[in-house]
>>> print(open('model_30.csv').read())   # CSV, C-alpha atoms
chain,number,residue,atom,x,y,z
A,1,MET,CA,219.3,23.9,84.5
A,2,LEU,CA,220.7,26.7,86.5
A,3,ASP,CA,217.4,28.7,86.2
A,4,TRP,CA,215.4,25.7,87.5
A,5,TYR,CA,217.7,25.4,90.5
A,6,ASN,CA,217.5,29.1,91.3
A,7,THR,CA,213.7,29.0,91.0
A,8,THR,CA,213.5,26.0,93.3
A,9,MET,CA,215.7,27.6,95.9
A,10,ASP,CA,213.6,30.7,95.8
A,11,TYR,CA,210.5,28.7,96.7
A,12,VAL,CA,212.4,26.8,99.4
A,13,THR,CA,213.8,29.9,101.0
A,14,ASP,CA,210.5,31.9,100.7
A,15,LEU,CA,209.2,32.3,104.2
A,16,SER,CA,205.8,33.4,103.1
A,17,LEU,CA,205.3,30.2,101.1
A,18,TRP,CA,205.9,28.1,104.2
A,19,VAL,CA,203.5,30.3,106.1
A,20,ASP,CA,200.8,29.7,103.4
A,21,ILE,CA,201.5,25.9,103.5
A,22,GLY,CA,201.1,26.0,107.3
A,23,ILE,CA,197.8,27.9,107.0
A,24,ALA,CA,196.5,25.4,104.4
A,25,ILE,CA,197.5,22.5,106.6
A,26,ALA,CA,195.8,24.2,109.6
A,27,ILE,CA,192.6,24.8,107.6
A,28,PHE,CA,192.5,21.1,106.6
A,29,ILE,CA,193.1,19.8,110.1
A,30,GLY,CA,190.5,22.3,111.4
A,31,PHE,CA,187.9,20.8,109.1
A,32,VAL,CA,188.9,17.3,110.1
A,33,ILE,CA,188.4,18.1,113.8
A,34,PHE,CA,185.1,19.9,113.0
A,35,ARG,CA,183.9,16.8,111.2
A,36,LYS,CA,184.5,14.6,114.2
A,37,LEU,CA,182.9,17.1,116.6
A,38,PHE,CA,179.9,17.5,114.2
A,39,THR,CA,179.4,13.8,113.9
A,40,LYS,CA,179.9,13.1,117.6
A,41,TYR,CA,177.7,15.8,119.0
A,42,ILE,CA,175.5,17.8,116.6
A,43,PHE,CA,174.6,15.0,114.1
A,44,ASN,CA,173.9,12.5,116.9
A,45,LEU,CA,171.7,15.0,118.7
A,46,ILE,CA,169.7,15.8,115.6
A,47,SER,CA,169.4,12.0,114.9
A,48,ARG,CA,168.1,11.3,118.3
A,49,LEU,CA,165.5,14.1,118.1
A,50,THR,CA,164.2,12.9,114.7
A,51,ASP,CA,164.2,9.3,115.9
A,52,LYS,CA,161.7,10.3,118.6
A,53,SER,CA,159.4,12.1,116.2
A,54,SER,CA,156.2,10.7,114.9
A,55,THR,CA,157.6,10.2,111.4
A,56,GLN,CA,160.7,8.3,110.4
A,57,VAL,CA,161.3,10.0,107.1
A,58,LEU,CA,163.6,12.7,108.4
A,59,HIS,CA,165.5,10.3,110.5
A,60,LYS,CA,166.1,8.0,107.4
A,61,ILE,CA,167.2,11.0,105.4
A,62,LEU,CA,169.8,11.9,108.0
A,63,LEU,CA,171.1,8.3,108.2
A,64,ALA,CA,171.3,8.2,104.4
A,65,PHE,CA,173.5,11.4,104.2
A,66,GLU,CA,175.6,10.7,107.3
A,67,LYS,CA,178.7,9.3,105.5
A,68,PRO,CA,178.4,11.7,102.5
A,69,LEU,CA,178.2,14.6,105.0
A,70,ASN,CA,181.4,13.4,106.8
A,71,ALA,CA,183.2,13.1,103.5
A,72,PHE,CA,181.9,16.6,102.5
A,73,PHE,CA,183.9,18.3,105.2
A,74,ILE,CA,187.1,16.6,104.0
A,75,PHE,CA,186.6,17.8,100.4
A,76,LEU,CA,185.7,21.3,101.7
A,77,GLY,CA,188.8,21.4,103.8
A,78,LEU,CA,191.0,20.3,100.8
A,79,TYR,CA,189.3,22.9,98.5
A,80,LEU,CA,189.8,25.8,101.0
A,81,ALA,CA,193.3,24.8,101.8
A,82,PHE,CA,194.2,24.6,98.1
A,83,ARG,CA,192.6,28.0,97.5
A,84,SER,CA,194.6,29.6,100.3
A,85,LEU,CA,197.9,28.6,98.6
A,86,GLU,CA,196.9,30.6,95.5
A,87,PHE,CA,198.7,28.2,93.1
A,88,ARG,CA,198.5,29.3,89.4
A,89,THR,CA,197.2,26.6,87.0
A,90,GLU,CA,196.4,26.6,83.4
A,91,ASP,CA,192.7,26.2,84.2
A,92,ILE,CA,191.9,28.5,87.0
A,93,HIS,CA,188.5,26.8,87.4
A,94,LEU,CA,190.0,23.3,87.9
A,95,PRO,CA,189.9,23.4,91.8
A,96,LEU,CA,186.3,24.6,91.7
A,97,ARG,CA,185.3,22.0,89.2
A,98,LEU,CA,186.9,19.2,91.3
A,99,PHE,CA,185.1,20.5,94.4
A,100,ARG,CA,181.7,20.8,92.6
A,101,SER,CA,182.2,17.3,91.1
A,102,SER,CA,182.8,15.9,94.6
A,103,VAL,CA,179.6,17.5,95.8
A,104,ILE,CA,177.7,15.9,93.0
A,105,VAL,CA,179.1,12.5,93.8
A,106,LEU,CA,178.4,12.9,97.5
A,107,VAL,CA,174.8,14.0,96.9
A,108,THR,CA,174.3,11.0,94.5
A,109,TRP,CA,175.8,8.8,97.2
A,110,GLY,CA,173.3,10.0,99.8
A,111,LEU,CA,170.3,9.7,97.4
A,112,ILE,CA,171.2,6.2,96.5
A,113,ASN,CA,171.4,5.4,100.3
A,114,LEU,CA,168.0,6.9,100.7
A,115,SER,CA,166.5,4.9,97.9
A,116,SER,CA,167.8,1.7,99.5
A,117,SER,CA,165.8,2.6,102.6
A,118,SER,CA,163.0,4.1,100.6
A,119,SER,CA,160.4,1.6,101.9
A,120,VAL,CA,159.8,4.2,104.7
A,121,LEU,CA,159.1,6.9,102.1
A,122,PHE,CA,156.8,4.5,100.0
A,123,ARG,CA,154.9,3.5,103.1
A,124,SER,CA,154.4,7.2,104.0
A,125,ILE,CA,153.1,7.8,100.5
A,126,HIS,CA,150.8,4.7,100.8
A,127,ARG,CA,149.3,6.1,104.0
A,128,ARG,CA,148.7,9.6,102.6
A,129,LEU,CA,147.4,8.6,99.2
A,130,ASP,CA,146.0,5.2,99.9
A,131,LEU,CA,148.1,3.5,97.2
A,132,GLN,CA,148.4,-0.2,96.9
A,133,MET,CA,152.1,-1.2,97.4
A,134,ASP,CA,153.3,-4.7,98.2
A,135,GLN,CA,156.7,-6.3,98.8
A,136,ILE,CA,157.3,-6.7,95.1
A,137,LEU,CA,156.7,-3.1,94.2
A,138,ILE,CA,158.9,-1.5,96.9
A,139,PRO,CA,162.2,-3.2,95.9
A,140,PHE,CA,161.5,-2.7,92.2
A,141,LEU,CA,160.9,1.0,92.7
A,142,SER,CA,164.0,1.2,94.8
A,143,ARG,CA,166.1,-0.2,92.0
A,144,VAL,CA,164.5,2.1,89.5
A,145,LEU,CA,165.3,5.1,91.7
A,146,LYS,CA,168.9,4.1,91.9
A,147,VAL,CA,169.2,3.8,88.1
A,148,VAL,CA,167.5,7.2,87.6
A,149,ILE,CA,169.7,8.9,90.2
A,150,GLY,CA,172.8,7.4,88.7
A,151,ALA,CA,171.8,8.5,85.2
A,152,ILE,CA,171.1,12.0,86.4
A,153,ALA,CA,174.4,12.2,88.3
A,154,VAL,CA,176.4,11.1,85.2
A,155,SER,CA,174.6,13.7,83.1
A,156,VAL,CA,175.3,16.5,85.6
A,157,LEU,CA,179.0,15.5,85.9
A,158,ALA,CA,179.3,15.5,82.1
A,159,GLN,CA,177.9,19.0,81.8
A,160,GLU,CA,180.2,20.1,84.6
A,161,TRP,CA,183.2,19.1,82.6
A,162,GLY,CA,182.0,20.6,79.4
A,163,TYR,CA,180.6,17.5,77.5
A,164,ASN,CA,177.6,17.8,75.3
A,165,VAL,CA,175.0,15.6,76.8
A,166,ASN,CA,172.4,16.4,74.1
A,167,GLY,CA,174.6,14.9,71.5
A,168,PHE,CA,175.0,11.8,73.6
A,169,VAL,CA,171.3,11.4,74.0
A,170,ALA,CA,170.8,11.8,70.2
A,171,GLY,CA,173.4,9.1,69.7
A,172,LEU,CA,171.4,6.7,71.9
A,173,GLY,CA,168.4,7.2,69.5
A,174,ILE,CA,170.5,6.2,66.5
A,175,GLY,CA,172.0,3.1,68.2
A,176,GLY,CA,168.8,2.1,69.9
A,177,LEU,CA,167.7,-0.3,67.2
A,178,ALA,CA,171.1,-2.1,67.2
A,179,PHE,CA,171.0,-2.2,71.0
A,180,ALA,CA,167.5,-3.7,70.9
A,181,PHE,CA,168.6,-6.6,68.7
A,182,ALA,CA,171.7,-7.2,70.7
A,183,ALA,CA,169.9,-7.1,74.1
A,184,LYS,CA,166.7,-8.9,73.0
A,185,GLU,CA,166.8,-11.5,75.8
A,186,ALA,CA,167.7,-8.8,78.4
A,187,LEU,CA,164.8,-6.6,77.3
A,188,GLY,CA,162.5,-9.6,77.4
A,189,ASN,CA,163.5,-10.3,81.0
A,190,LEU,CA,163.0,-6.6,81.8
A,191,PHE,CA,159.5,-6.5,80.4
A,192,GLY,CA,158.8,-9.8,82.0
A,193,GLY,CA,159.7,-8.2,85.4
A,194,VAL,CA,157.4,-5.3,84.6
A,195,VAL,CA,154.5,-7.7,83.9
A,196,ILE,CA,155.1,-9.5,87.2
A,197,ILE,CA,155.2,-6.1,89.0
A,198,MET,CA,152.0,-4.9,87.3
A,199,GLU,CA,149.9,-8.1,87.4
A,200,ARG,CA,151.3,-9.3,90.8
A,201,PRO,CA,150.7,-13.1,90.4
A,202,PHE,CA,153.0,-13.5,93.4
A,203,SER,CA,154.9,-11.5,96.0
A,204,ILE,CA,158.1,-11.9,97.9
A,205,GLY,CA,157.7,-14.7,100.4
A,206,ASP,CA,155.0,-16.6,98.4
A,207,TRP,CA,155.0,-20.3,97.8
A,208,ILE,CA,154.7,-20.7,94.0
A,209,GLN,CA,154.7,-23.6,91.6
A,210,THR,CA,155.5,-23.4,87.8
A,211,PRO,CA,156.4,-26.1,85.3
A,212,SER,CA,160.1,-25.1,85.9
A,213,VAL,CA,160.4,-24.4,89.6
A,214,GLU,CA,158.6,-24.7,92.9
A,215,GLY,CA,159.5,-22.9,96.1
A,216,VAL,CA,159.4,-19.6,98.0
A,217,VAL,CA,160.1,-16.3,96.2
A,218,GLU,CA,163.0,-14.5,97.7
A,219,ASP,CA,163.6,-11.6,95.4
A,220,ILE,CA,162.3,-10.1,92.1
A,221,GLY,CA,164.9,-8.2,90.0
A,222,PHE,CA,165.1,-6.5,86.6
A,223,ARG,CA,166.4,-9.7,84.9
A,224,SER,CA,165.3,-12.6,87.1
A,225,THR,CA,163.3,-13.9,90.0
A,226,GLN,CA,165.1,-15.7,92.9
A,227,VAL,CA,163.3,-18.8,94.3
A,228,ARG,CA,164.3,-20.9,97.3
A,229,THR,CA,163.2,-24.5,96.7
A,230,PHE,CA,162.1,-26.8,99.6
A,231,ALA,CA,165.4,-28.7,99.2
A,232,ASP,CA,167.0,-25.3,100.2
A,233,ALA,CA,168.4,-24.9,96.7
A,234,HIS,CA,168.6,-21.4,95.2
A,235,VAL,CA,167.1,-21.1,91.7
A,236,THR,CA,167.4,-18.1,89.4
A,237,VAL,CA,164.5,-18.0,86.9
A,238,PRO,CA,164.6,-15.4,84.0
A,239,ASN,CA,161.6,-13.1,84.2
A,240,ALA,CA,160.7,-13.8,80.6
A,241,ASN,CA,160.3,-17.5,81.3
A,242,ILE,CA,158.3,-17.2,84.5
A,243,ALA,CA,156.0,-14.5,83.1
A,244,ASN,CA,155.0,-16.9,80.2
A,245,GLU,CA,154.4,-19.9,82.4
A,246,PRO,CA,151.3,-20.9,84.3
A,247,ILE,CA,151.9,-19.9,87.9
A,248,THR,CA,150.2,-21.6,90.9
A,249,ASN,CA,150.3,-19.4,94.0
A,250,TRP,CA,149.8,-21.8,96.9
A,251,THR,CA,150.2,-19.0,99.5
A,252,ARG,CA,147.0,-17.4,98.4
A,253,MET,CA,144.9,-20.5,99.2
A,254,ARG,CA,141.9,-19.5,101.4
A,255,LYS,CA,141.6,-23.1,102.6
A,256,ARG,CA,143.4,-26.3,102.0
A,257,ARG,CA,141.9,-29.5,100.5
A,258,ILE,CA,142.0,-33.0,101.9
A,259,SER,CA,140.6,-35.8,99.6
A,260,PHE,CA,140.9,-39.5,99.8
A,261,ASN,CA,139.0,-42.8,99.6
A,262,LEU,CA,138.5,-45.0,102.7
A,263,GLY,CA,138.2,-48.7,101.7
A,264,VAL,CA,136.4,-51.1,104.0
A,265,GLU,CA,135.9,-54.8,103.7
A,266,TYR,CA,133.2,-56.3,101.5
A,267,THR,CA,131.9,-58.2,104.5
A,268,THR,CA,130.8,-54.9,106.1
A,269,PRO,CA,127.0,-55.0,106.6
A,270,LYS,CA,125.0,-52.2,105.0
A,271,GLU,CA,123.8,-50.8,108.4
A,272,LYS,CA,127.4,-50.5,109.7
A,273,LEU,CA,128.5,-48.8,106.5
A,274,GLU,CA,125.7,-46.3,106.8
A,275,ARG,CA,126.6,-45.5,110.4
A,276,VAL,CA,130.3,-45.1,109.6
A,277,VAL,CA,129.4,-42.7,106.8
A,278,ASP,CA,127.1,-40.6,109.0
A,279,GLN,CA,129.5,-40.5,112.0
A,280,ILE,CA,132.4,-39.4,109.8
A,281,ARG,CA,130.3,-36.7,108.2
A,282,THR,CA,129.1,-35.5,111.6
A,283,MET,CA,132.6,-35.5,113.0
A,284,LEU,CA,133.9,-33.3,110.2
A,285,LYS,CA,131.0,-30.9,110.5
A,286,GLU,CA,131.7,-30.5,114.2
A,287,HIS,CA,135.5,-30.2,113.9
A,288,GLN,CA,136.8,-26.7,114.6
A,289,GLU,CA,139.6,-26.8,112.0
A,290,VAL,CA,137.4,-28.0,109.1
A,291,HIS,CA,135.9,-25.4,106.8
A,292,PRO,CA,132.2,-25.9,106.8
A,293,GLU,CA,131.6,-24.7,103.2
A,294,LEU,CA,131.9,-28.1,101.5
A,295,ILE,CA,132.1,-31.5,103.3
A,296,ILE,CA,131.4,-34.6,101.3
A,297,VAL,CA,131.3,-38.1,102.8
A,298,ASN,CA,129.6,-40.8,100.7
A,299,PHE,CA,129.7,-44.5,99.9
A,300,ASP,CA,131.2,-43.9,96.4
A,301,SER,CA,132.1,-47.2,94.6
A,302,TYR,CA,132.7,-50.9,94.6
A,303,ASN,CA,136.4,-51.3,94.3
A,304,SER,CA,138.2,-54.5,93.4
A,305,SER,CA,138.7,-55.5,97.0
A,306,SER,CA,136.9,-52.9,99.1
A,307,LEU,CA,133.8,-50.7,99.5
A,308,ASP,CA,135.1,-47.2,99.0
A,309,ILE,CA,133.9,-44.2,101.0
A,310,MET,CA,134.9,-40.9,99.4
A,311,ILE,CA,135.9,-38.2,101.9
A,312,TYR,CA,136.3,-34.7,100.6
A,313,PHE,CA,136.7,-31.5,102.7
A,314,PHE,CA,138.9,-28.4,103.4
A,315,THR,CA,140.8,-27.2,106.4
A,316,LYS,CA,140.7,-23.7,107.6
A,317,THR,CA,144.5,-23.4,107.9
A,318,THR,CA,146.8,-23.3,104.9
A,319,ALA,CA,150.1,-23.5,106.8
A,320,TRP,CA,151.7,-26.9,106.0
A,321,VAL,CA,152.6,-27.9,109.5
A,322,ASN,CA,149.2,-27.0,111.0
A,323,PHE,CA,147.6,-28.7,108.0
A,324,LEU,CA,149.4,-32.0,108.8
A,325,ASP,CA,148.3,-31.7,112.5
A,326,VAL,CA,144.7,-31.3,111.5
A,327,LYS,CA,144.9,-34.2,109.0
A,328,GLN,CA,146.5,-36.5,111.6
A,329,ASP,CA,143.8,-35.6,114.1
A,330,ILE,CA,141.0,-36.4,111.6
A,331,ASN,CA,142.6,-39.7,110.6
A,332,LEU,CA,142.8,-40.8,114.3
A,333,ARG,CA,139.1,-39.9,114.8
A,334,ILE,CA,138.2,-42.0,111.8
A,335,MET,CA,140.1,-44.9,113.2
A,336,GLU,CA,138.1,-44.5,116.5
A,337,ILE,CA,134.8,-44.6,114.5
A,338,LEU,CA,135.8,-47.7,112.6
A,339,ASP,CA,136.9,-49.5,115.9
A,340,ARG,CA,133.7,-48.5,117.6
A,341,GLU,CA,131.5,-49.9,114.8
A,342,GLY,CA,133.7,-53.0,114.3
A,343,VAL,CA,134.5,-52.2,110.7
A,344,SER,CA,137.9,-53.1,109.3
A,345,VAL,CA,139.9,-51.4,106.6
A,346,ALA,CA,140.3,-53.5,103.5
A,347,PHE,CA,143.7,-54.5,102.2
A,348,PRO,CA,144.9,-56.0,98.9
A,349,SER,CA,144.0,-59.7,98.7
A,350,ARG,CA,143.7,-62.6,96.2
A,351,SER,CA,141.6,-65.7,96.5
A,352,ILE,CA,142.1,-69.0,94.5
A,353,TYR,CA,139.2,-71.3,93.7
A,354,MET,CA,139.5,-75.1,93.0
A,355,GLN,CA,137.1,-76.9,90.8
A,356,ASN,CA,135.9,-80.4,92.0
A,357,PRO,CA,134.9,-83.2,89.7
A,358,ASP,CA,131.2,-82.3,90.3
A,359,HIS,CA,132.0,-78.8,88.9
A,360,SER,CA,131.5,-77.1,92.2
A,361,MET,CA,133.8,-74.3,93.3
A,362,HIS,CA,135.3,-73.8,96.8
A,363,PRO,CA,138.1,-71.5,97.9
A,364,VAL,CA,141.6,-72.7,98.7
A,365,GLU,CA,144.0,-71.0,101.1
A,366,ASP,CA,144.7,-67.3,100.7
A,367,TYR,CA,147.4,-66.5,98.1
A,368,ASN,CA,149.1,-64.3,100.7
A,369,HIS,CA,149.7,-67.3,103.0
A,370,ASN,CA,152.2,-68.7,100.4
A,371,THR,CA,150.1,-71.9,100.0
A,372,LYS,CA,151.1,-74.0,97.0
A,373,PRO,CA,148.2,-74.3,94.6
A,374,SER,CA,146.6,-77.7,94.0
A,375,LYS,CA,147.2,-79.6,90.8
A,376,ASN,CA,143.5,-79.6,90.2
A,377,VAL,CA,143.4,-75.8,90.0
A,378,ASP,CA,141.8,-74.7,86.7
A,379,ASN,CA,143.7,-71.5,85.8
A,380,ARG,CA,140.8,-70.5,83.6
A,381,ASP,CA,138.6,-70.1,86.6
A,382,VAL,CA,141.1,-68.2,88.8
A,383,GLN,CA,139.6,-65.0,90.1
A,384,THR,CA,141.7,-62.2,91.7
A,385,ARG,CA,140.8,-59.2,93.7
A,386,GLY,CA,143.3,-56.4,94.6
A,387,TYR,CA,143.0,-53.1,96.3
A,388,GLY,CA,143.7,-50.2,93.9
A,389,ASP,CA,142.1,-48.1,91.3
A,390,GLU,CA,139.2,-49.0,88.9
A,391,ASP,CA,141.6,-51.1,86.8
A,392,GLY,CA,142.6,-53.2,89.8
A,393,GLU,CA,146.2,-52.1,89.6
>>> encode(input="model_30.csv", output="structure tokens")
Amino acid sequence: MLDWYNTTMDYVTDLSLWVDIGIAIAIFIGFVIFRKLFTKYIFNLISRLTDKSSTQVLHKILLAFEKPLNAFFIFLGLYLAFRSLEFRTEDIHLPLRLFRSSVIVLVTWGLINLSSSSSVLFRSIHRRLDLQMDQILIPFLSRVLKVVIGAIAVSVLAQEWGYNVNGFVAGLGIGGLAFAFAAKEALGNLFGGVVIIMERPFSIGDWIQTPSVEGVVEDIGFRSTQVRTFADAHVTVPNANIANEPITNWTRMRKRRISFNLGVEYTTPKEKLERVVDQIRTMLKEHQEVHPELIIVNFDSYNSSSLDIMIYFFTKTTAWVNFLDVKQDINLRIMEILDREGVSVAFPSRSIYMQNPDHSMHPVEDYNHNTKPSKNVDNRDVQTRGYGDEDGE
């Protein structure tokens, strides 16, 4: 106890020790001040110069390493301050190992930041090598880069502290089979994501429809695909599921279809019906928003309560709002043609016929007028007509 007290008092009263501590503190404060000056003047000057250059790659690299570089001066100041004290430790390489480990962490931090903004690098590669890269591939490669950078950093750190990385990798081979069985679904989702990336049935921002979901793709990850439905709900679909389902990509429509039947009354004369068909066909051919490749307007069928004109064509626009505007304009023009020719659109109706004693038939009031049927109505001879499909429904 007395020896410990004497040793402590020797350290406290040792003037040279306090001088060393003051020098260490001064070294650390000096690096803190230098960090602020470097960030405020030198780094900002270099950043402005690179921002004005023709390429953005160097500027993105500087931004990615801005915070790691600021932290580097702090660790460097701590390391040099500690070395100036000349403390004796059981492991004389411990301060150096700590400093080198901090440098590895900071470099990893900067590289991960760079991979997050790696779209600039990928676009530069695309321009130089003429490679095909879309919005799916860039985020996927960014995530792959982060995983690879993290794995390399862990390996380097393990070697820095004396761990045998080769034995660890060999152990992964032994446990790989067990891991594959345990992570069967996760691996299925991973390979499903790879299939989506390679085949590219859709991209981020596309409107897709599958048996399980319909909406706009927001993100594609290693495990799942994020879809925003038209009800503004967020749906997460496992990649294994969506890769094995039929996918309809509505965004890749080159044109958008409009198809419907226009039913006119049975009392329409043949000449008027022909003129209506010809005028509608001519109107569609002259419409600027109608695709001229395929336009079909024909008297198609005798329906239960109407003469049906089939109208089939495509619009040039595929945007939903613009598509609805074009559809409305065409419907209004068809109404003008019908009014000009004096042709009326058919509506569902039902007629009731009454049998006289002389077995002649004549119609009674329309069923839609809520007229009570006569007692002499023979239900066996009641005939109905309704507007609908071929079955009269």
>>> closest_residue(input="model_30.csv", among="A:Leu294, A:Phe99, A:Leu69, A:Gly110", to="Arg83 in chain A", atoms="all atoms listed in the file")
A:Phe99
>>> atom_distance(input="model_30.csv", atom1="CA of Val235 in chain A", atom2="CA of Trp207 in chain A")
13.6 Å
>>> atom_distance(input="model_30.csv", atom1="CA of Glu160 in chain A", atom2="CA of Leu76 in chain A")
18.0 Å
>>> atom_distance(input="model_30.csv", atom1="CA of Asp300 in chain A", atom2="CA of Val343 in chain A")
16.9 Å
>>> residues_near_point(input="model_30.csv", point="(163.4, -15.9, 91.6)", cutoff="6 Å", atoms="all atoms listed in the file", output="mmCIF file with C-alpha atoms, in the frame of the given file")
data_model
loop_
_atom_site.group_PDB
_atom_site.id
_atom_site.type_symbol
_atom_site.label_atom_id
_atom_site.label_comp_id
_atom_site.auth_asym_id
_atom_site.auth_seq_id
_atom_site.Cartn_x
_atom_site.Cartn_y
_atom_site.Cartn_z
ATOM 1 C CA VAL A 217 160.100 -16.300 96.200
ATOM 2 C CA ASP A 219 163.600 -11.600 95.400
ATOM 3 C CA ILE A 220 162.300 -10.100 92.100
ATOM 4 C CA SER A 224 165.300 -12.600 87.100
ATOM 5 C CA THR A 225 163.300 -13.900 90.000
ATOM 6 C CA GLN A 226 165.100 -15.700 92.900
ATOM 7 C CA VAL A 227 163.300 -18.800 94.300
ATOM 8 C CA THR A 236 167.400 -18.100 89.400
ATOM 9 C CA VAL A 237 164.500 -18.000 86.900
#
>>> closest_residue(input="model_30.csv", among="A:Lys60, A:Arg333, A:Arg200, A:Arg257", to="Met283 in chain A", atoms="all atoms listed in the file")
A:Arg333
>>> residues_around(input="model_30.csv", residues="range 314-331 of chain A", least_positions_apart="6", cutoff="9 Å", atoms="all atoms listed in the file", output="list in words")
Trp250, Thr251, Arg252, Met253, Arg254, Lys255, Arg256, Arg257, Ile258, Ser259, Met283, Leu284, His287, Gln288, Glu289, Val290, His291, Pro292, Glu293, Leu294 and Ile295 of chain A
>>> residues_around(input="model_30.csv", residues="Pro269 in chain A", least_positions_apart="2", cutoff="12 Å", atoms="only C-alpha atoms", output="list in words")
Val264, Glu265, Tyr266, Thr267, Glu271, Lys272, Leu273, Glu274, Arg275, Val276, Leu307, Glu341, Gly342, Val343 and Ser344 of chain A
>>> closest_residue(input="model_30.csv", among="A:Glu66, A:Glu214, A:Asp232, A:Asp308", to="Lys36 in chain A", atoms="all atoms listed in the file")
A:Glu66
>>> closest_residue(input="model_30.csv", among="A:Asn70, A:Arg340, A:Gly205, A:Leu58", to="Phe34 in chain A", atoms="only C-alpha atoms")
A:Asn70
>>> closest_residue(input="model_30.csv", among="A:Ile29, A:Glu336, A:Gly263, A:Ser203", to="Ser304 in chain A", atoms="all atoms listed in the file")
A:Gly263
>>> closest_residue(input="model_30.csv", among="A:Val277, A:Ile27, A:Leu187, A:Val105", to="Ile152 in chain A", atoms="only C-alpha atoms")
A:Val105
>>> residues_near_point(input="model_30.csv", point="(184.3, 18.5, 100.9)", cutoff="12 Å", atoms="only C-alpha atoms", output="ChimeraX atom specification")
/A:28,31-32,35,67-82,95-96,98-107
